[in-house]
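Everything below concerns the one structure shown next.
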Amino acid sequence: MDMTRISYLDFSADEPERALKFYNIVFGWQIKKWEGPFEYWEFKTGEPNEPGIDGGLAKRSKPEESLTPFINVPSVDDYASKIEANGGKVIQSRTAIPGVGYMVVFKDTENNRLGLMEEDQSAK
């Protein structure tokens with residue numbers, strides 16, 4: 001069986017600028033606006049050689065959006081099938097993030113929201 005890891009945390013905020021200021025002042029996270037097709041900010045929580053997880057933040061579009069841990073997988077399609085076969089539910093099907101890869105958002109058997117990321121720079 002493939003071993004996969006949580007590799008990224010995706011935050012949502014009603015007021016992104018307020019949230020980004022909070023994380024920068026309180027924790028010292030380095031924040032940079034993403035150069036992609038929608039408004040998104042990436043943050044670094046430490047040095048690459050230190051343990052930890054980086055993440056990003058977007059404006060909340062639905063009330064239920066909060067913090068979503070993303071798990072890197074070799075194929076979002078394969079893992080989406082495994083999730084549904086084992087009692088989870090895909091709530092956002094395969095979506096391309098141009099230049100990054102493909103994502104799927106799901107709920108586990110306990111109604112926790114998580115995401116899958118398949119890295120593929122050719123995604124459109």
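Labels used: A, B, ... for chains in the order of the structure tokens, numbers from 1 for residues in each chain, and numbers from 1 for ligands as shown.
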*asked:* Report as a list in words all protein, DNA and RNA residues lying within 8 Å of Gln92 (chain A), evaluated on only C-alpha atoms, omitting residues in the same chain fewer than 6 positions from it.
replied: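 In the requested form, the answer reads Val104, Val105 and Phe106 of chain A.
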_Among region 58-108 of chain A, which ones does DSSP assign to helix (DSSP H, G or I) (computed from the backbone)? Answer as number ranges by chain._
A: 76-85
*So which one's closest to Arg5 (chain A), A:Asn49, A:Ser81, A:Asn72, A:Ser61? Using only C-alpha atoms, please.*
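Among the listed residues, the smallest separation from Arg5 (chain A) belongs to A:Asn72.
Our summary of the geometry notes that CA of Met117 (chain A) is positioned 12.6 Å from CA of Gly99 (chain A).
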What's around Ile31 (chain A) at 7 Å? Count only C-alpha atoms, leave out sequence neighbours fewer than 3 positions away in its own chain, and write the answer as a short mmCIF file (atom, residue, chain, number, x, y, z; two decimals) with C-alpha atoms, in the first residue's frame.
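Wrote it out as selection32.cif, contents follow:
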data_model
loop_
_atom_site.label_atom_id
_atom_site.label_comp_id
_atom_site.auth_asym_id
_atom_site.auth_seq_id
_atom_site.Cartn_x
_atom_site.Cartn_y
_atom_site.Cartn_z
CA TRP A 41 -2.04 33.53 -0.73
CA GLU A 42 0.65 30.98 0.10
CA PHE A 43 2.49 30.92 3.37
CA LYS A 44 5.69 29.33 4.62
#
*Could you work out how far CA of Ser75 (chain A) lies from CA of Ile91 (chain A), giving the answer in Å with one decimal?*
16.8 Å
*Could you work out how far CA of Gly55 (chain A) lies from CA of Glu119 (chain A), giving the answer in Å with one decimal?*
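One can read the CA of Glu119 (chain A) to CA of Gly55 (chain A) distance as 15.1 Å.
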_My list of candidates is A:Leu57, A:Leu116, A:Ile97, A:Ala13. Which is closest to Lys33 (chain A) when distances are computed with only C-alpha atoms?_
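That would be A:Leu57, the residue with the smallest distance to Lys33 (chain A).
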Please provide the set of residues having any atom within 10 Å of Gly101 (chain A), restricted to only C-alpha atoms, with same-chain residues fewer than 4 positions apart removed, written as an mmCIF file with N, CA and C atoms, in the first residue's frame.
data_model
loop_
_atom_site.group_PDB
_atom_site.id
_atom_site.type_symbol
_atom_site.label_atom_id
_atom_site.label_comp_id
_atom_site.auth_asym_id
_atom_site.auth_seq_id
_atom_site.Cartn_x
_atom_site.Cartn_y
_atom_site.Cartn_z
ATOM 1 N N VAL A 76 -5.526 11.210 -7.873
ATOM 2 C CA VAL A 76 -6.741 11.590 -7.139
ATOM 3 C C VAL A 76 -7.908 10.692 -7.518
ATOM 4 N N ARG A 94 -12.707 15.817 -9.082
ATOM 5 C CA ARG A 94 -11.408 16.198 -9.656
ATOM 6 C C ARG A 94 -11.487 17.584 -10.301
ATOM 7 N N THR A 95 -10.635 18.484 -9.825
ATOM 8 C CA THR A 95 -10.575 19.853 -10.307
ATOM 9 C C THR A 95 -9.133 20.190 -10.636
ATOM 10 N N ALA A 96 -8.916 20.780 -11.802
ATOM 11 C CA ALA A 96 -7.555 21.170 -12.195
ATOM 12 C C ALA A 96 -7.200 22.505 -11.556
ATOM 13 N N ILE A 97 -5.983 22.582 -11.056
ATOM 14 C CA ILE A 97 -5.397 23.849 -10.623
ATOM 15 C C ILE A 97 -4.248 24.080 -11.601
ATOM 16 N N MET A 117 -4.330 15.833 -3.356
ATOM 17 C CA MET A 117 -3.621 16.599 -4.389
ATOM 18 C C MET A 117 -2.739 15.653 -5.192
ATOM 19 N N GLU A 118 -2.915 15.694 -6.494
ATOM 20 C CA GLU A 118 -2.067 14.968 -7.434
ATOM 21 C C GLU A 118 -1.251 16.025 -8.161
ATOM 22 N N GLU A 119 0.042 16.045 -7.916
ATOM 23 C CA GLU A 119 0.892 17.057 -8.553
ATOM 24 C C GLU A 119 1.053 16.770 -10.045
ATOM 25 N N ASP A 120 0.807 17.788 -10.864
ATOM 26 C CA ASP A 120 0.953 17.677 -12.319
ATOM 27 C C ASP A 120 1.012 19.094 -12.874
ATOM 28 N N GLN A 121 2.211 19.567 -13.177
ATOM 29 C CA GLN A 121 2.395 20.940 -13.636
ATOM 30 C C GLN A 121 1.726 21.212 -14.989
ATOM 31 N N SER A 122 1.351 20.159 -15.724
ATOM 32 C CA SER A 122 0.688 20.352 -17.006
ATOM 33 C C SER A 122 -0.835 20.494 -16.863
ATOM 34 N N ALA A 123 -1.338 20.459 -15.626
ATOM 35 C CA ALA A 123 -2.793 20.583 -15.409
ATOM 36 C C ALA A 123 -3.300 21.928 -15.927
ATOM 37 N N LYS A 124 -4.476 21.876 -16.573
ATOM 38 C CA LYS A 124 -5.093 23.107 -17.122
ATOM 39 C C LYS A 124 -6.542 23.180 -16.731
#
*asked:* With only C-alpha atoms as the counted atoms, please give the residues lying no more than 12 Å from Glu47 (chain A), apart from itself and same-chain residues fewer than 4 positions off, as a PyMOL selection string.
replied: chain A and resi 28-30+43+51-54
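Proximity to Tyr102 (chain A) was assessed for A:Pro48, A:Pro69, A:Gly115, A:Gly88 counting only C-alpha atoms; the smallest distance is recorded for A:Gly115.
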*Which is closer to Lys59 (chain A) than all the others in A:Val26, A:Ala19, A:Met103, A:Ile71, using only C-alpha atoms?*
A:Ala19
